[in-house]
Structure formats: C-alpha cells, structure tokens
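structure.cif follows (mmCIF, C-alpha atoms):
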```cif
data_data
loop_
_atom_site.group_PDB
_atom_site.id
_atom_site.type_symbol
_atom_site.label_atom_id
_atom_site.label_comp_id
_atom_site.auth_asym_id
_atom_site.auth_seq_id
_atom_site.Cartn_x
_atom_site.Cartn_y
_atom_site.Cartn_z
ATOM 1 C CA MET H 20 0.000 0.000 0.000
ATOM 2 C CA THR H 21 1.549 3.304 -1.038
ATOM 3 C CA ALA H 22 0.447 6.906 -1.189
ATOM 4 C CA SER H 23 0.322 6.647 -4.997
ATOM 5 C CA ALA H 24 -2.062 3.674 -4.809
ATOM 6 C CA PRO H 25 -4.850 4.645 -2.415
ATOM 7 C CA ILE H 26 -7.261 2.127 -0.986
ATOM 8 C CA ARG H 27 -10.872 3.258 -1.021
ATOM 9 C CA GLY H 28 -12.899 2.224 1.985
ATOM 10 C CA ALA H 29 -16.205 2.734 3.780
ATOM 11 C CA VAL H 30 -16.423 4.739 7.004
ATOM 12 C CA SER H 31 -19.018 4.232 9.710
ATOM 13 C CA SER H 32 -21.554 7.017 10.049
ATOM 14 C CA LEU H 33 -20.405 7.265 13.695
ATOM 15 C CA SER H 34 -16.907 8.282 12.557
ATOM 16 C CA ALA H 35 -17.686 10.062 9.288
ATOM 17 C CA ALA H 36 -17.295 13.517 10.853
ATOM 18 C CA LEU H 37 -13.722 12.672 11.889
ATOM 19 C CA VAL H 38 -12.716 11.503 8.426
ATOM 20 C CA HIS H 39 -14.518 14.143 6.402
ATOM 21 C CA GLY H 40 -13.829 17.034 8.756
ATOM 22 C CA PRO H 41 -10.799 19.344 8.843
ATOM 23 C CA VAL H 42 -7.387 17.687 8.562
ATOM 24 C CA ARG H 43 -5.986 16.880 11.998
ATOM 25 C CA GLU H 44 -3.058 14.953 13.419
ATOM 26 C CA ALA H 45 -3.709 11.519 14.868
ATOM 27 C CA ARG H 46 -1.450 9.197 16.847
ATOM 28 C CA VAL H 47 -1.156 5.481 16.158
ATOM 29 C CA ALA H 48 -2.277 3.847 19.403
ATOM 30 C CA ALA H 49 -1.895 0.268 18.192
ATOM 31 C CA ARG H 50 -1.161 -1.709 15.079
ATOM 32 C CA THR H 51 -2.085 -5.299 14.321
ATOM 33 C CA ARG H 52 -2.149 -7.293 11.108
ATOM 34 C CA LEU H 53 -5.864 -6.432 10.861
ATOM 35 C CA GLY H 54 -5.599 -2.678 11.221
ATOM 36 C CA VAL H 55 -4.386 0.439 12.971
ATOM 37 C CA TYR H 56 -6.103 2.368 15.762
ATOM 38 C CA LEU H 57 -5.768 6.144 15.588
ATOM 39 C CA LEU H 58 -6.261 8.625 18.450
ATOM 40 C CA LEU H 59 -7.478 12.169 17.834
ATOM 41 C CA ASP H 60 -7.721 14.604 20.735
ATOM 42 C CA ARG H 61 -10.888 16.674 20.837
ATOM 43 C CA ASP H 62 -10.246 20.403 20.827
ATOM 44 C CA GLY H 63 -11.406 22.062 24.020
ATOM 45 C CA GLU H 64 -12.541 18.859 25.726
ATOM 46 C CA ALA H 65 -10.268 17.719 28.516
ATOM 47 C CA ARG H 66 -9.415 14.028 28.689
ATOM 48 C CA THR H 67 -11.609 13.234 25.678
ATOM 49 C CA THR H 68 -10.118 11.394 22.719
ATOM 50 C CA ASP H 69 -11.765 10.110 19.569
ATOM 51 C CA VAL H 70 -10.677 6.784 18.112
ATOM 52 C CA LEU H 71 -10.659 5.784 14.469
ATOM 53 C CA PRO H 72 -9.940 2.123 13.735
ATOM 54 C CA VAL H 73 -8.810 1.543 10.142
ATOM 55 C CA VAL H 74 -9.346 -2.169 9.564
ATOM 56 C CA THR H 75 -9.322 -4.799 6.815
ATOM 57 C CA SER H 76 -12.322 -6.753 5.604
ATOM 58 C CA ASP H 77 -11.420 -9.816 7.712
ATOM 59 C CA ALA H 78 -11.306 -7.817 10.953
ATOM 60 C CA LEU H 79 -14.255 -7.406 13.298
ATOM 61 C CA ALA H 80 -16.662 -4.860 11.832
ATOM 62 C CA LEU H 81 -16.325 -2.373 14.683
ATOM 63 C CA PRO H 82 -19.180 0.146 14.650
ATOM 64 C CA ILE H 83 -16.776 3.108 14.543
ATOM 65 C CA ALA H 84 -14.327 1.819 11.912
ATOM 66 C CA LEU H 85 -13.082 2.900 8.527
ATOM 67 C CA ARG H 86 -13.203 -0.460 6.783
ATOM 68 C CA LEU H 87 -11.136 -1.498 3.770
ATOM 69 C CA PRO H 88 -12.335 -3.849 1.002
ATOM 70 C CA VAL H 89 -9.128 -5.905 1.192
ATOM 71 C CA THR H 90 -7.948 -8.639 3.554
ATOM 72 C CA SER H 91 -5.052 -8.473 5.968
ATOM 73 C CA ALA H 92 -3.072 -10.792 3.673
ATOM 74 C CA THR H 93 -2.810 -8.010 1.084
ATOM 75 C CA VAL H 94 -2.030 -5.057 3.383
ATOM 76 C CA ARG H 95 1.235 -3.994 4.935
ATOM 77 C CA TRP H 96 0.742 -1.221 7.477
ATOM 78 C CA PRO H 97 3.689 1.190 7.075
ATOM 79 C CA VAL H 98 3.187 2.920 10.444
ATOM 80 C CA GLU H 99 4.249 2.029 13.964
ATOM 81 C CA GLN H 100 2.722 2.664 17.364
ATOM 82 C CA GLY H 101 3.342 6.256 18.433
ATOM 83 C CA GLU H 102 3.749 7.645 14.918
ATOM 84 C CA THR H 103 1.624 10.500 13.612
ATOM 85 C CA VAL H 104 -0.702 10.415 10.608
ATOM 86 C CA SER H 105 -3.205 12.937 9.252
ATOM 87 C CA VAL H 106 -6.959 12.392 9.270
ATOM 88 C CA GLY H 107 -9.486 14.622 7.515
ATOM 89 C CA GLY H 108 -10.649 15.812 4.161
ATOM 90 C CA GLY H 109 -11.989 12.333 3.462
ATOM 91 C CA SER H 110 -8.779 10.389 3.957
ATOM 92 C CA VAL H 111 -6.168 8.951 6.284
ATOM 93 C CA CYS H 112 -2.663 9.751 5.109
ATOM 94 C CA ALA H 113 0.909 9.024 6.165
ATOM 95 C CA SER H 114 4.150 8.152 4.446
ATOM 96 C CA GLY H 115 3.318 5.055 2.418
ATOM 97 C CA LEU H 116 -0.318 5.066 3.521
ATOM 98 C CA LEU H 117 -3.373 6.595 1.851
ATOM 99 C CA VAL H 118 -6.900 5.462 2.620
ATOM 100 C CA GLU H 119 -9.820 7.331 1.084
ATOM 101 C CA ALA H 120 -13.312 7.103 2.560
ATOM 102 C CA VAL H 121 -15.543 6.986 -0.499
ATOM 103 C CA ARG H 122 -18.650 5.595 1.211
ATOM 104 C CA THR H 123 -20.418 6.154 4.526
ATOM 105 C CA VAL H 124 -22.237 3.164 5.993
ATOM 106 C CA ARG H 125 -24.469 2.701 8.994
ATOM 107 C CA PRO H 126 -23.076 0.137 11.446
ATOM 108 C CA ALA H 127 -25.098 -2.770 12.828
ATOM 109 C CA ARG H 128 -27.623 -1.671 15.459
ATOM 110 C CA VAL H 129 -29.764 -3.621 17.915
ATOM 111 C CA ARG H 130 -33.497 -3.591 17.211
ATOM 112 C CA ARG H 131 -35.696 -1.781 19.677
ATOM 113 C CA ALA H 132 -38.219 -4.137 21.276
ATOM 114 C CA TRP H 133 -39.874 -1.357 23.322
ATOM 115 C CA GLN H 134 -40.149 2.391 23.111
ATOM 116 C CA PRO H 135 -37.594 4.144 25.320
ATOM 117 C CA ARG H 136 -38.459 5.551 28.710
ATOM 118 C CA THR H 137 -39.179 9.252 28.961
ATOM 119 C CA GLU H 138 -36.243 9.930 31.294
ATOM 120 C CA ARG H 139 -33.304 11.648 29.650
ATOM 121 C CA ARG H 140 -29.895 10.008 29.762
ATOM 122 C CA GLY H 141 -28.155 10.852 33.017
ATOM 123 C CA SER H 142 -31.291 12.295 34.679
ATOM 124 C CA PRO H 143 -32.190 11.397 38.303
ATOM 125 C CA GLY H 144 -35.128 9.355 36.996
ATOM 126 C CA CYS H 145 -32.772 7.431 34.753
ATOM 127 C CA ALA H 146 -30.394 6.711 37.634
ATOM 128 C CA ALA H 147 -33.299 5.307 39.644
ATOM 129 C CA HIS H 148 -33.971 2.739 36.912
ATOM 130 C CA THR H 149 -30.342 1.664 36.461
ATOM 131 C CA PRO H 150 -29.866 -1.983 37.533
ATOM 132 C CA SER H 151 -27.386 -2.486 40.361
ATOM 133 C CA SER H 152 -25.381 -4.856 38.156
ATOM 134 C CA MET H 153 -24.807 -2.047 35.655
ATOM 135 C CA THR H 154 -23.867 0.395 38.415
ATOM 136 C CA ARG H 155 -21.255 -2.062 39.689
ATOM 137 C CA LEU H 156 -19.778 -2.435 36.201
ATOM 138 C CA ILE H 157 -19.538 1.331 35.766
ATOM 139 C CA GLY H 158 -17.564 1.377 39.013
ATOM 140 C CA ARG H 159 -15.183 -1.232 37.545
ATOM 141 C CA LEU H 160 -14.596 0.539 34.219
ATOM 142 C CA GLY H 161 -11.103 -0.124 32.923
ATOM 143 C CA SER H 162 -10.676 -3.325 34.942
ATOM 144 C CA GLY H 163 -8.899 -6.040 33.042
ATOM 145 C CA PRO H 164 -6.242 -6.214 30.318
ATOM 146 C CA GLY H 165 -6.481 -5.285 26.654
ATOM 147 C CA LEU H 166 -7.787 -2.469 24.485
ATOM 148 C CA THR H 167 -11.301 -3.349 25.694
ATOM 149 C CA PRO H 168 -11.030 -4.444 29.346
ATOM 150 C CA GLU H 169 -13.235 -7.263 30.556
ATOM 151 C CA ALA H 170 -15.490 -5.145 32.790
ATOM 152 C CA ASP H 171 -16.090 -2.776 29.882
ATOM 153 C CA ASP H 172 -17.167 -5.612 27.601
ATOM 154 C CA GLU H 173 -19.642 -6.783 30.222
ATOM 155 C CA LEU H 174 -20.979 -3.241 30.484
ATOM 156 C CA ALA H 175 -21.306 -3.068 26.685
ATOM 157 C CA GLY H 176 -23.503 -6.171 26.796
ATOM 158 C CA HIS H 177 -25.686 -4.487 29.407
ATOM 159 C CA LEU H 178 -25.956 -1.313 27.348
ATOM 160 C CA LEU H 179 -27.057 -3.152 24.218
ATOM 161 C CA VAL H 180 -29.856 -4.919 26.059
ATOM 162 C CA ARG H 181 -30.917 -1.659 27.724
ATOM 163 C CA TRP H 182 -31.158 -0.106 24.268
ATOM 164 C CA ALA H 183 -33.214 -3.023 22.959
ATOM 165 C CA LEU H 184 -35.628 -2.886 25.904
ATOM 166 C CA GLY H 185 -36.013 0.903 25.795
ATOM 167 C CA GLY H 186 -34.324 1.479 29.139
ATOM 168 C CA CYS H 187 -32.509 4.739 29.780
ATOM 169 C CA VAL H 188 -28.732 4.706 30.138
ATOM 170 C CA PRO H 189 -26.831 6.573 32.871
ATOM 171 C CA ASP H 190 -24.321 9.222 31.883
ATOM 172 C CA LEU H 191 -21.056 7.372 31.240
ATOM 173 C CA GLU H 192 -18.889 10.356 30.315
ATOM 174 C CA PRO H 193 -17.686 11.175 33.867
ATOM 175 C CA HIS H 194 -16.289 7.637 34.120
ATOM 176 C CA LEU H 195 -14.854 6.921 30.669
ATOM 177 C CA HIS H 196 -11.478 8.518 31.416
ATOM 178 C CA ARG H 197 -10.723 5.435 33.531
ATOM 179 C CA THR H 198 -10.582 3.108 30.549
ATOM 180 C CA THR H 199 -8.864 2.986 27.168
ATOM 181 C CA ALA H 200 -9.865 5.395 24.415
ATOM 182 C CA LEU H 201 -11.006 2.527 22.174
ATOM 183 C CA SER H 202 -13.145 0.979 24.877
ATOM 184 C CA ALA H 203 -14.682 4.355 25.718
ATOM 185 C CA ALA H 204 -15.593 4.882 22.063
ATOM 186 C CA LEU H 205 -17.188 1.437 21.804
ATOM 187 C CA LEU H 206 -19.154 2.002 25.018
ATOM 188 C CA ARG H 207 -20.524 5.267 23.618
ATOM 189 C CA ALA H 208 -21.605 3.316 20.548
ATOM 190 C CA ALA H 209 -23.149 0.502 22.632
ATOM 191 C CA ALA H 210 -25.178 3.057 24.596
ATOM 192 C CA GLN H 211 -26.829 3.900 21.258
ATOM 193 C CA GLY H 212 -27.352 0.250 20.344
ATOM 194 C CA TYR H 213 -24.349 -0.155 18.005
ATOM 195 C CA ALA H 214 -21.939 -3.100 18.089
ATOM 196 C CA VAL H 215 -20.274 -5.614 15.806
ATOM 197 C CA PRO H 216 -22.831 -7.549 13.704
ATOM 198 C CA GLU H 217 -22.334 -10.863 15.522
ATOM 199 C CA VAL H 218 -23.259 -9.288 18.860
ATOM 200 C CA VAL H 219 -26.152 -7.285 17.422
ATOM 201 C CA GLU H 220 -27.670 -10.439 15.903
ATOM 202 C CA TYR H 221 -27.295 -12.309 19.190
ATOM 203 C CA VAL H 222 -28.963 -9.550 21.238
ATOM 204 C CA ASP H 223 -31.803 -9.388 18.712
ATOM 205 C CA ALA H 224 -32.265 -13.145 19.027
ATOM 206 C CA VAL H 225 -32.284 -13.383 22.827
ATOM 207 C CA VAL H 226 -34.450 -10.304 23.330
ATOM 208 C CA GLY H 227 -36.838 -11.505 20.627
ATOM 209 C CA GLY H 228 -37.130 -14.979 22.145
ATOM 210 C CA ASP H 229 -35.474 -16.735 19.180
ATOM 211 C CA ARG H 230 -33.842 -19.578 21.109
ATOM 212 C CA ASP H 231 -32.623 -21.460 18.035
ATOM 213 C CA GLY H 232 -31.071 -18.322 16.600
ATOM 214 C CA ALA H 233 -29.387 -17.527 19.911
ATOM 215 C CA LEU H 234 -27.933 -21.036 20.158
ATOM 216 C CA ARG H 235 -26.583 -20.744 16.619
ATOM 217 C CA LEU H 236 -25.082 -17.278 17.171
ATOM 218 C CA ARG H 237 -23.663 -17.727 20.655
ATOM 219 C CA PRO H 238 -20.415 -19.485 19.588
ATOM 220 C CA ARG H 239 -19.656 -16.628 17.172
ATOM 221 C CA VAL H 240 -19.948 -14.115 20.003
ATOM 222 C CA ALA H 241 -17.930 -16.287 22.390
ATOM 223 C CA ALA H 242 -15.085 -16.413 19.851
ATOM 224 C CA ILE H 243 -14.608 -12.624 19.760
ATOM 225 C CA GLY H 244 -11.186 -11.591 21.048
ATOM 226 C CA HIS H 245 -9.373 -13.231 23.951
ATOM 227 C CA THR H 246 -11.866 -12.319 26.689
ATOM 228 C CA SER H 247 -14.311 -9.962 24.960
ATOM 229 C CA GLY H 248 -16.791 -12.554 23.707
ATOM 230 C CA PRO H 249 -17.404 -14.327 27.027
ATOM 231 C CA ALA H 250 -17.552 -10.963 28.822
ATOM 232 C CA LEU H 251 -20.102 -9.618 26.349
ATOM 233 C CA LEU H 252 -22.237 -12.727 26.857
ATOM 234 C CA ARG H 253 -22.100 -12.313 30.640
ATOM 235 C CA GLY H 254 -23.209 -8.716 30.340
ATOM 236 C CA ILE H 255 -26.028 -9.532 27.931
ATOM 237 C CA HIS H 256 -27.390 -12.307 30.133
ATOM 238 C CA ALA H 257 -27.036 -10.261 33.339
ATOM 239 C CA ALA H 258 -29.012 -7.440 31.734
ATOM 240 C CA LEU H 259 -31.746 -9.840 30.638
ATOM 241 C CA TYR H 260 -32.179 -11.002 34.230
ATOM 242 C CA ALA H 261 -32.083 -7.463 35.636
ATOM 243 C CA PRO H 262 -35.396 -5.830 36.650
ATOM 244 C CA PRO H 263 -37.295 -5.349 33.368
ATOM 245 C CA SER H 264 -37.670 -1.996 31.652
ATOM 246 C CA HIS H 265 -41.165 -3.096 30.583
ATOM 247 C CA PRO H 266 -43.420 -5.342 32.690
ATOM 248 C CA SER H 267 -44.321 -7.654 29.820
ATOM 249 C CA VAL H 268 -40.781 -8.410 28.679
ATOM 250 C CA GLU H 269 -40.169 -12.159 28.629
ATOM 251 C CA ARG H 270 -36.609 -13.276 29.346
ATOM 252 C CA THR H 271 -35.517 -15.995 26.942
ATOM 253 C CA VAL H 272 -31.862 -16.852 27.276
ATOM 254 C CA ALA H 273 -30.158 -19.606 25.294
#
```
Could you quickly redo this structure as structure tokens?
Amino acid sequence: MTASAPIRGAVSSLSAALVHGPVREARVAARTRLGVYLLLDRDGEARTTDVLPVVTSDALALPIALRLPVTSATVRWPVEQGETVSVGGGSVCASGLLVEAVRTVRPARVRRAWQPRTERRGSPGCAAHTPSSMTRLIGRLGSGPGLTPEADDELAGHLLVRWALGGCVPDLEPHLHRTTALSAALLRAAAQGYAVPEVVEYVDAVVGGDRDGALRLRPRVAAIGHTSGPALLRGIHAALYAPPSHPSVERTVA
C-alpha cells in the first residue's frame, strides 16, 4: 500500500465527521495485522479522545471503523505505534499510507423491542432505573487487560440490552477517562445500540425470544477476542435477568 495507490474504503456514520472534517493529526495507538487504531484529541474537551480504527475486511466490523475492502493478507501497514498520521478531508494519510473514505455506511444496530423511557440520559429518573449490576460495572470501568477491558465488555452487553428494551442509560462520560480510548468509544456506541454484527444479531435473538437463533449465534460471540466474547455474553445475560424496563418483557436466554 503506497500513497500513490490509495485504498478506497467505507467509514461508519459514527466516525464520518472525523474523516470528512478538517485535517488533523492523529497518533497510532496500536497496530495489528488487521488494522491500525488512531487517536485524535478533541479540541477544548479535557481528557476526551476520539478513536478511528482503520481495519481490513477480515477484521471485526467495529461500529466506529473505517473499513477497507481488502484482507489483511494483502495489506502492509507502514506505520508504527506512536507515529503520527493525518486524518481529515476524506482520507487517512501518512508516508506510504493513503486510505480514502468513499462511502459512509451505517453500522449494525440492535433492534428496539420497546419504546424508550421518557427519562433523559443521566437524569435522576434514569439513575433510579439503572440496575445495580450495571452500576457495579460502571464502578469497575477499565478493569482487566487489553484495548477493551473485561469489565467494559460486560458493560457493553448491558448497554445493548438496555437499548433493545427501551431502558434509559446513565451518563457514562464522567467515568470513561478510567478506561482505554477505544473501549470508551465502543461504550458510547453501545449506549446507542451499536456493536459488531455478531453481537447485534445475538442480542436481537435473545431479546426476541429466538432460542434457536441464539444457540446458533452464541459461539460466534464467544469467539470474539481473547476475553471480549465471554464478557459480552455475561453482560447480555445479566441485563436480561435485571429488573425489566417493561413489565411484559419475557426473558428468553439460550
């Protein structure tokens, strides 16, 4: 991959403003064979960092990613952790690297089974309806190794079910500085019902009472990452057994 041979990819609608906005510097937080993870500090917002994963087609379809139509076998990432690249004007550019975002796509989103509560996010009424299991996980944010710590993955599972059942979500922003920038970005997405397709399909199945579908999808979720899949499943199931957001919700867990 060279600057003279750009790769044209598709950016998530959640990250489109970063890619198509003014050109800014970004730091390479991590690099794997499947992609690079870029950090962009927000102007005027203390301790707040945006994350842009640039990933190949065989990587997890993260809901905030700029995704390439090529596999990891055909890409050599010419940047190292800590290096600086530029993001904006519709592209990601560095020496030997040019990715152009030519499409904007909506990431996978959990279906809503119930209309949301009237309480606004972070309001006292919302806090009163927050399950104790979710409150405990918020207190453990950042606990565990990896770019997405285990406690955060459990919380993400909770958030996705809360979205599906129409429950309000407490304000996470005061706590997100305690975890990694990538995990914080994925938790913000989960609070709006967005996640990788495998997890979205599983939540839709268990909330909708599709036991056969849940049994079929569960191994795909369990296989995500080193600890992320099992942690997501724990969070999803804990949320399903939490006090319901709607009195007629039936809990059907595979």
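Of the residues listed (H:Gly248, H:Pro126, H:Gly107, H:Gly101), H:Gly248 shows the shortest atom-to-atom separation from Glu173 (chain H); distances use all atoms listed in the file.
Against the coordinates shown, the PyMOL selection byres ((chain H and resi 219-233) around 7) returns Ala127, Arg128, Val129, Arg130, Val180, Ala214, Val215, Pro216, Glu217, Val218, Leu234, Arg235, Leu236, Arg237, Thr271, Val272 and Ala273 of chain H.
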> Which residues fall under the PyMOL selection byres ((chain H and resi 27) around 10) in this file, as a ChimeraX atom specification?
Replying inline: /H:24-26,28-30,85-89,110,117-122
>> Here is a test: counting all atoms listed in the file, which residue of H:Leu57, H:Val74, H:Leu251, H:Leu178 is nearest to Tyr213 (chain H)?
In response: H:Leu178
>> I want to know what sits within 12 Å of Val70 (chain H), based on only C-alpha atoms, with residues of the same chain fewer than 6 positions away left out; could you give that as an NGL selection string?
In response: :H and (33-38 or 45-49 or 55-61 or 81-85 or 106 or 166 or 199-208)
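If you measure from each of H:Gly54, H:Ala210, H:Thr167, H:Ser162 to Glu192 (chain H) using all atoms listed in the file, the closest one turns out to be H:Ala210.
Closest approach to Pro249 (chain H) among H:Pro97, H:Gly40, H:Pro164, H:Gly176: H:Gly176, based on all atoms listed in the file.
For the file shown, the residue list from the PyMOL selection byres ((chain H and resi 105) around 6) reads H:Arg43, H:Glu44, H:Ala45, H:Val104, H:Val106, H:Val111, H:Cys112.
Nearest residue to Ser152 (chain H), choosing from H:Ala242, H:Ala257, H:Ala132, H:Val124 and counting all atoms listed in the file: H:Ala257.
Computed from the coordinates, the CA of His256 (chain H) to CA of Pro193 (chain H) distance equals 25.7 Å.
When all atoms listed in the file are used to compute distances to His177 (chain H), the closest of the residues H:Gly212, H:Gly108, H:Pro41, H:Gly244 turns out to be H:Gly212.
Reported to one decimal place, the separation of CA of Arg50 (chain H) from CA of Thr93 (chain H) is 15.4 Å.
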> Contacts of Trp96 (chain H) at 10 Å or less, counting all atoms listed in the file, minus same-chain residues fewer than 6 places along, as a list of chain:residue names?
Replying inline: H:Met20, H:Thr21, H:Arg50, H:Thr51, H:Arg52, H:Leu53, H:Gly54, H:Val55, H:Gly115, H:Leu116
Residues from last step as file, C-alpha atoms, as a compact mmCIF listing (two decimals), in the frame of the given file:
```txt
# COMPACT_ATOMS: atom_id res chain seq x y z
CA MET H 20 0.00 0.00 0.00
CA THR H 21 1.55 3.30 -1.04
CA ARG H 50 -1.16 -1.71 15.08
CA THR H 51 -2.08 -5.30 14.32
CA ARG H 52 -2.15 -7.29 11.11
CA LEU H 53 -5.86 -6.43 10.86
CA GLY H 54 -5.60 -2.68 11.22
CA VAL H 55 -4.39 0.44 12.97
CA GLY H 115 3.32 5.06 2.42
CA LEU H 116 -0.32 5.07 3.52
```
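In this structure, CA of Leu160 (chain H) sits 23.0 Å away from CA of Gly185 (chain H).
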Give, as JSON, the centre coordinates and the x, y and z edge lengths in Å to one decimal for an axis-aligned box around all listed atoms of region 28-38 of chain H, padded by 6 Å on each side.
```
{"center_x": -17.1, "center_y": 7.9, "center_z": 7.8, "size_x": 20.8, "size_y": 23.3, "size_z": 23.7}
```
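Every protein, DNA or RNA residue with an atom at most 6 Å from Ala250 (chain H), where all atoms listed in the file count and chain neighbours fewer than 2 positions away do not, is listed here: Glu169, Asp172, Glu173, Ser247, Gly248, Leu252 and Arg253 of chain H.
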Keeping N, CA and C atoms (and nothing else), can you write region 234-247 of chain H of this structure as a short mmCIF file (atom, residue, chain, number, x, y, z; two decimals), in the first residue's frame?
```
data_model
loop_
_atom_site.label_atom_id
_atom_site.label_comp_id
_atom_site.auth_asym_id
_atom_site.auth_seq_id
_atom_site.Cartn_x
_atom_site.Cartn_y
_atom_site.Cartn_z
N LEU H 234 -28.85 -19.90 20.04
CA LEU H 234 -27.93 -21.04 20.16
C LEU H 234 -26.96 -21.09 18.98
N ARG H 235 -27.44 -20.74 17.81
CA ARG H 235 -26.58 -20.74 16.62
C ARG H 235 -25.55 -19.61 16.67
N LEU H 236 -25.94 -18.46 17.19
CA LEU H 236 -25.08 -17.28 17.17
C LEU H 236 -24.11 -17.22 18.35
N ARG H 237 -24.46 -17.86 19.44
CA ARG H 237 -23.66 -17.73 20.66
C ARG H 237 -22.19 -18.09 20.45
N PRO H 238 -21.84 -19.18 19.77
CA PRO H 238 -20.41 -19.49 19.59
C PRO H 238 -19.66 -18.39 18.83
N ARG H 239 -20.31 -17.71 17.91
CA ARG H 239 -19.66 -16.63 17.17
C ARG H 239 -19.33 -15.46 18.09
N VAL H 240 -20.23 -15.18 19.03
CA VAL H 240 -19.95 -14.12 20.00
C VAL H 240 -18.85 -14.55 20.97
N ALA H 241 -18.92 -15.78 21.43
CA ALA H 241 -17.93 -16.29 22.39
C ALA H 241 -16.52 -16.26 21.82
N ALA H 242 -16.40 -16.35 20.50
CA ALA H 242 -15.09 -16.41 19.85
C ALA H 242 -14.45 -15.04 19.64
N ILE H 243 -15.14 -13.98 19.99
CA ILE H 243 -14.61 -12.62 19.76
C ILE H 243 -13.47 -12.33 20.74
N GLY H 244 -12.32 -11.99 20.22
CA GLY H 244 -11.19 -11.59 21.05
C GLY H 244 -10.72 -12.68 21.99
N HIS H 245 -9.87 -12.28 22.96
CA HIS H 245 -9.37 -13.23 23.95
C HIS H 245 -10.37 -13.39 25.10
N THR H 246 -10.91 -12.28 25.58
CA THR H 246 -11.87 -12.32 26.69
C THR H 246 -13.15 -11.57 26.36
N SER H 247 -13.17 -10.84 25.25
CA SER H 247 -14.31 -9.96 24.96
C SER H 247 -15.61 -10.73 24.76
#
```
